[in-house]
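Colleague: Input file: protein.txt. Contents: compact mmCIF, C-alpha atoms.
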# COMPACT_ATOMS: atom_id res chain seq x y z
CA MET V 1150 72.64 99.00 128.83
CA SER V 1151 74.14 101.56 126.43
CA GLU V 1152 74.67 100.85 122.75
CA PRO V 1153 78.27 101.09 121.51
CA PHE V 1154 78.94 103.98 119.15
CA ILE V 1155 81.79 105.09 116.88
CA ARG V 1156 83.75 108.28 117.59
CA LYS V 1157 87.15 109.74 116.74
CA ALA V 1158 89.99 108.47 118.92
CA GLN V 1159 91.28 110.59 121.76
CA MET V 1160 94.62 110.65 123.53
CA ARG V 1161 93.21 108.59 126.40
CA ASP V 1162 92.48 105.75 123.93
CA VAL V 1163 96.03 105.18 122.66
CA LYS V 1164 97.11 102.56 125.20
CA VAL V 1165 93.81 100.69 124.85
CA ILE V 1166 94.17 100.75 121.04
CA HIS V 1167 97.72 99.42 121.47
CA ASN V 1168 96.49 96.62 123.73
CA LEU V 1169 93.73 95.67 121.27
CA LEU V 1170 96.20 95.58 118.37
CA MET V 1171 98.78 93.58 120.33
CA THR V 1172 96.13 91.04 121.39
CA CYS V 1173 94.94 90.64 117.80
CA SER V 1174 98.55 90.44 116.62
CA THR V 1175 99.34 87.54 118.95
CA GLN V 1176 96.23 85.81 117.53
CA GLY V 1177 97.66 86.23 114.01
CA LEU V 1178 94.85 88.55 112.91
CA LEU V 1179 96.97 91.61 112.05
CA LEU V 1180 100.42 93.12 112.34
CA PRO V 1181 101.35 95.00 115.53
CA ARG V 1182 101.85 98.76 115.78
CA SER V 1183 104.11 100.53 118.26
CA LEU V 1184 102.90 103.15 120.70
CA THR V 1185 104.98 105.71 118.80
CA GLN V 1186 103.16 104.86 115.56
CA LEU V 1187 99.81 105.14 117.31
CA TYR V 1188 100.58 108.53 118.82
CA ASN V 1189 101.77 109.75 115.40
CA CYS V 1190 98.58 108.69 113.62
CA LEU V 1191 95.97 109.06 116.37
CA ARG V 1192 93.83 111.35 114.19
CA GLU V 1193 93.39 108.52 111.67
CA PHE V 1194 91.57 106.32 114.18
CA ASN V 1195 87.90 105.79 114.85
CA VAL V 1196 87.07 103.83 117.98
CA LEU V 1197 84.11 101.84 119.21
CA ASP V 1198 83.02 103.35 122.50
CA PRO V 1199 80.95 100.96 124.65
CA GLY V 1200 78.71 103.86 125.67
CA ASP V 1201 78.93 103.02 129.36
CA GLY V 1202 82.01 105.06 130.25
CA GLY V 1203 84.32 102.07 129.93
CA GLU V 1204 87.33 101.59 127.70
CA ILE V 1205 86.89 101.36 123.94
CA ILE V 1206 86.18 97.91 122.52
CA GLY V 1207 87.29 98.37 118.91
CA CYS V 1208 89.29 100.54 116.52
CA CYS V 1209 90.04 101.12 112.86
CA ALA V 1210 92.18 103.67 111.04
CA LEU V 1211 91.87 105.37 107.68
CA SER V 1212 95.29 106.43 106.45
CA ILE V 1213 95.69 108.67 103.40
CA VAL V 1214 98.45 107.18 101.28
CA TRP V 1215 98.44 109.18 98.06
CA GLU V 1216 96.21 111.37 95.97
CA GLY V 1217 92.95 109.46 95.65
CA LEU V 1218 94.15 106.47 97.68
CA ALA V 1219 93.60 105.57 101.34
CA GLU V 1220 94.21 102.50 103.46
CA ILE V 1221 92.02 100.90 106.08
CA ARG V 1222 94.33 99.54 108.74
CA SER V 1223 94.48 98.38 112.33
CA LEU V 1224 90.93 97.04 112.48
CA ALA V 1225 90.49 95.34 115.84
CA VAL V 1226 87.45 94.47 117.94
CA ASP V 1227 87.60 93.02 121.44
CA GLU V 1228 86.86 89.29 121.41
CA ARG V 1229 83.75 89.74 123.56
CA ALA V 1230 82.22 92.07 120.95
CA ARG V 1231 83.34 90.37 117.72
CA LEU V 1232 80.04 88.93 116.56
CA GLY V 1233 78.09 92.16 116.93
CA GLY V 1234 78.82 93.55 113.45
CA TYR V 1235 81.13 96.19 114.91
CA GLY V 1236 84.05 95.45 112.60
CA ARG V 1237 81.76 96.08 109.63
CA LYS V 1238 80.49 99.31 111.22
CA LEU V 1239 84.06 100.53 111.80
CA VAL V 1240 84.96 99.80 108.16
CA GLU V 1241 81.79 101.53 106.94
CA GLU V 1242 82.74 104.60 108.98
CA CYS V 1243 86.16 104.67 107.31
CA ILE V 1244 84.57 104.30 103.87
CA GLU V 1245 82.26 107.24 104.55
CA GLU V 1246 85.19 109.30 105.83
CA SER V 1247 87.10 108.47 102.66
CA ARG V 1248 84.13 109.55 100.54
CA THR V 1249 83.91 112.83 102.51
CA LEU V 1250 87.59 113.45 101.77
CA GLY V 1251 87.06 112.80 98.04
CA ILE V 1252 89.09 109.58 98.09
CA TYR V 1253 87.41 106.81 96.11
CA LYS V 1254 90.01 104.03 96.17
CA ILE V 1255 90.52 102.29 99.49
CA PHE V 1256 92.77 99.32 100.09
CA THR V 1257 93.76 97.11 102.94
CA LEU V 1258 96.52 94.61 103.59
CA THR V 1259 94.95 91.86 105.62
CA TYR V 1260 94.86 88.29 106.83
CA GLN V 1261 91.05 88.56 107.02
CA ASP V 1262 90.23 88.48 103.31
CA ALA V 1263 86.81 86.80 103.74
CA PHE V 1264 85.69 89.62 106.06
CA PHE V 1265 86.78 92.33 103.61
CA GLN V 1266 85.24 90.49 100.64
CA LYS V 1267 81.89 90.76 102.44
CA GLN V 1268 82.46 94.55 102.55
CA GLY V 1269 82.97 94.67 98.76
CA PHE V 1270 86.78 94.57 98.62
CA VAL V 1271 88.46 92.48 95.91
CA GLU V 1272 91.88 90.89 96.04
CA VAL V 1273 94.55 92.67 93.99
CA SER V 1274 98.26 92.29 93.38
CA LYS V 1275 100.44 94.25 95.80
CA GLU V 1276 102.13 95.79 92.75
CA VAL V 1277 98.93 97.83 92.24
CA LEU V 1278 99.89 99.72 95.42
CA PRO V 1279 103.43 101.02 94.81
CA GLN V 1280 103.15 104.08 97.05
CA LYS V 1281 102.16 101.87 99.99
CA ILE V 1282 104.86 99.29 99.38
CA TRP V 1283 107.64 101.85 99.50
CA ALA V 1284 106.14 104.13 102.15
CA ASP V 1285 105.44 101.65 104.94
CA CYS V 1286 106.23 98.14 103.86
CA VAL V 1287 109.98 98.59 103.51
CA ASN V 1288 110.08 99.15 107.29
CA CYS V 1289 108.08 96.01 108.09
CA PRO V 1290 110.00 93.03 109.48
CA LYS V 1291 108.18 90.80 106.96
CA PHE V 1292 109.32 92.84 103.92
CA PRO V 1293 109.79 91.69 101.19
CA GLU V 1294 108.17 88.36 102.14
CA CYS V 1295 104.79 89.88 102.97
CA ASP V 1296 102.08 87.32 103.65
CA GLU V 1297 99.20 89.78 103.90
CA ILE V 1298 96.55 89.89 101.18
CA ALA V 1299 96.08 93.17 99.29
CA MET V 1300 92.44 94.09 98.74
CA LEU V 1301 90.89 97.11 97.03
CA LEU V 1302 87.51 98.82 97.11
CA GLU V 1303 86.50 101.48 94.63
CA ILE V 1304 83.60 103.62 95.82
CA GLN V 1305 81.45 106.24 94.15
CA PRO V 1306 81.12 109.86 95.24
CA ASP V 1307 78.04 110.64 97.30
CA ASP V 1308 75.56 111.88 94.70
CA SER V 1309 73.01 113.07 97.25
CA GLY V 1310 74.29 116.65 97.05
CA GLU V 1311 74.96 116.74 100.80
CA SER V 1312 78.32 117.65 102.21
As a first step, turn the structure in this file into structure tokens.
Modeller:
Amino acid sequence: MSEPFIRKAQMRDVKVIHNLLMTCSTQGLLLPRSLTQLYNCLREFNVLDPGDGGEIIGCCALSIVWEGLAEIRSLAVDERARLGGYGRKLVEECIEESRTLGIYKIFTLTYQDAFFQKQGFVEVSKEVLPQKIWADCVNCPKFPECDEIAMLLEIQPDDSGES
């Protein structure tokens, strides 16, 4: 049996990503995203490939919001793979990508605060994220009564000298 691995999303993954997000949305784990939104931000996504030629079993996006600030969003793992540590691996991949881009503040808006706390994120006031609030949140059906929890992670540059 092949080991799942993380790769950049491809066009063929969009509908599977959409299905994963819609399933998690109906379970109250995250907010849904439209197919149009997914096509527009496909390059932001990393996916969890099962390694056996089948459809992806997880996804996570890193969205650049502002100078020095990125958001981890749309983290979803298929129910059958949820206890394998794959959500953590997807988040770690986004954190490393952020570091590579020279972005050292990463936030998320989530219902899964305990999961993100384990990854080093701390809860913050949404007012700390003004660019995000006005860029995306004003178009959300829950705005201004957002019930997601804002969490922030500040990382250090990679001091190993590697690029």
Colleague: May I ask which of the residues V:Ile1166, V:Leu1178, V:Ile1298, V:Leu1232 is the closest one to Cys1209 of chain V, counting only C-alpha atoms?
Modeller: V:Ile1166
Colleague: What's the 7 Å shell around Leu1179 of chain V, counting only C-alpha atoms, without same-chain residues fewer than 2 positions away, as a list in words?
Modeller: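 Those residues are Cys1173, Ser1174, Gly1177, Pro1181, Thr1259 and Tyr1260 of chain V.
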Colleague: Rounded to one decimal in Å, what is the spacing between atom CA of Arg1182 of chain V and atom CA of Leu1211 of chain V?
Modeller: 14.5 Å
Colleague: Can you find the residues with an atom no farther than 10 Å from (97.4, 101.7, 121.2), counting all atoms listed in the file, and report them as an mmCIF file with C-alpha atoms, in the frame of the given file?
Modeller:
data_model
loop_
_atom_site.group_PDB
_atom_site.id
_atom_site.type_symbol
_atom_site.label_atom_id
_atom_site.label_comp_id
_atom_site.auth_asym_id
_atom_site.auth_seq_id
_atom_site.Cartn_x
_atom_site.Cartn_y
_atom_site.Cartn_z
ATOM 1 C CA MET V 1160 94.620 110.650 123.530
ATOM 2 C CA ARG V 1161 93.210 108.590 126.400
ATOM 3 C CA ASP V 1162 92.480 105.750 123.930
ATOM 4 C CA VAL V 1163 96.030 105.180 122.660
ATOM 5 C CA LYS V 1164 97.110 102.560 125.200
ATOM 6 C CA VAL V 1165 93.810 100.690 124.850
ATOM 7 C CA ILE V 1166 94.170 100.750 121.040
ATOM 8 C CA HIS V 1167 97.720 99.420 121.470
ATOM 9 C CA ASN V 1168 96.490 96.620 123.730
ATOM 10 C CA LEU V 1169 93.730 95.670 121.270
ATOM 11 C CA LEU V 1170 96.200 95.580 118.370
ATOM 12 C CA MET V 1171 98.780 93.580 120.330
ATOM 13 C CA PRO V 1181 101.350 95.000 115.530
ATOM 14 C CA ARG V 1182 101.850 98.760 115.780
ATOM 15 C CA SER V 1183 104.110 100.530 118.260
ATOM 16 C CA LEU V 1184 102.900 103.150 120.700
ATOM 17 C CA THR V 1185 104.980 105.710 118.800
ATOM 18 C CA GLN V 1186 103.160 104.860 115.560
ATOM 19 C CA LEU V 1187 99.810 105.140 117.310
ATOM 20 C CA TYR V 1188 100.580 108.530 118.820
ATOM 21 C CA LEU V 1191 95.970 109.060 116.370
ATOM 22 C CA CYS V 1208 89.290 100.540 116.520
ATOM 23 C CA SER V 1223 94.480 98.380 112.330
#
Colleague: I need every residue sitting at most 8 Å from the point (84.5, 107.6, 110.3) (coordinates as in the file, all atoms listed in the file considered), written as a list in words.
Modeller: Ile1155, Arg1156, Lys1157, Asn1195, Leu1239, Glu1241, Glu1242, Cys1243, Ile1244, Glu1245 and Glu1246 of chain V
Colleague: Write the residues of the preceding selection, restricted to C-alpha atoms, as a compact mmCIF listing (two decimals), in the coordinates of the input.
Modeller:
# COMPACT_ATOMS: atom_id res chain seq x y z
CA ILE V 1155 81.79 105.09 116.88
CA ARG V 1156 83.75 108.28 117.59
CA LYS V 1157 87.15 109.74 116.74
CA ASN V 1195 87.90 105.79 114.85
CA LEU V 1239 84.06 100.53 111.80
CA GLU V 1241 81.79 101.53 106.94
CA GLU V 1242 82.74 104.60 108.98
CA CYS V 1243 86.16 104.67 107.31
CA ILE V 1244 84.57 104.30 103.87
CA GLU V 1245 82.26 107.24 104.55
CA GLU V 1246 85.19 109.30 105.83
Colleague: Just to confirm, what's the straight-line distance from atom CA of Trp1215 of chain V to atom CA of Val1277 of chain V in Å (one decimal)?
Modeller: 12.8 Å
Colleague: Find, counting only C-alpha atoms, the residue in V:Thr1172, V:Asn1189, V:Ser1247, V:Ser1212 that gets nearest to Gln1305 of chain V.
Modeller: V:Ser1247
Colleague: At a cut-off of 9 Å, using all atoms listed in the file, what residues contact Gly1236 of chain V? Leave out same-chain residues fewer than 6 positions from it and give the result as a list in words.
Modeller: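 Contacts, in chain order: Gly1207, Cys1208, Cys1209, Leu1224, Ala1225, Val1226 and Phe1264 of chain V.
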Colleague: Could you write out that same residue set with C-alpha atoms as a CSV table (one decimal), keeping the file's coordinate frame?
Modeller:
chain,number,residue,atom,x,y,z
V,1207,GLY,CA,87.3,98.4,118.9
V,1208,CYS,CA,89.3,100.5,116.5
V,1209,CYS,CA,90.0,101.1,112.9
V,1224,LEU,CA,90.9,97.0,112.5
V,1225,ALA,CA,90.5,95.3,115.8
V,1226,VAL,CA,87.4,94.5,117.9
V,1264,PHE,CA,85.7,89.6,106.1
Colleague: Can you work out which one of V:Gly1269, V:Gly1234, V:Glu1228, V:Ile1213 has the shortest atom-to-atom distance to Pro1153 of chain V, counting only C-alpha atoms?
Modeller: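 Of V:Gly1269, V:Gly1234, V:Glu1228, V:Ile1213, the one nearest Pro1153 of chain V, counting only C-alpha atoms, is V:Gly1234.
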Colleague: Could you state the separation of atom CA of Glu1193 of chain V and atom CA of Asp1262 of chain V in Å, given to one decimal place?
Modeller: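 Result for atom CA of Glu1193 of chain V versus atom CA of Asp1262 of chain V: 21.9 Å, one decimal.
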Colleague: Find the residue from V:Ala1230, V:Gln1266, V:Gly1217, V:Val1240 that sits nearest to Lys1254 of chain V; use only C-alpha atoms when measuring.
Modeller: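 That would be V:Gly1217, the residue with the smallest distance to Lys1254 of chain V.
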Colleague: So, counting all atoms listed in the file, which residue among V:Arg1229, V:Glu1220, V:Phe1270, V:Tyr1235 is closest to Phe1154 of chain V?
Modeller: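 That would be V:Tyr1235, the residue with the smallest distance to Phe1154 of chain V.
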Colleague: Nearest to Thr1249 of chain V among V:Asp1198, V:Glu1204, V:Asp1307, V:Glu1276, with distances taken over all atoms listed in the file: which residue is it?
Modeller: V:Asp1307
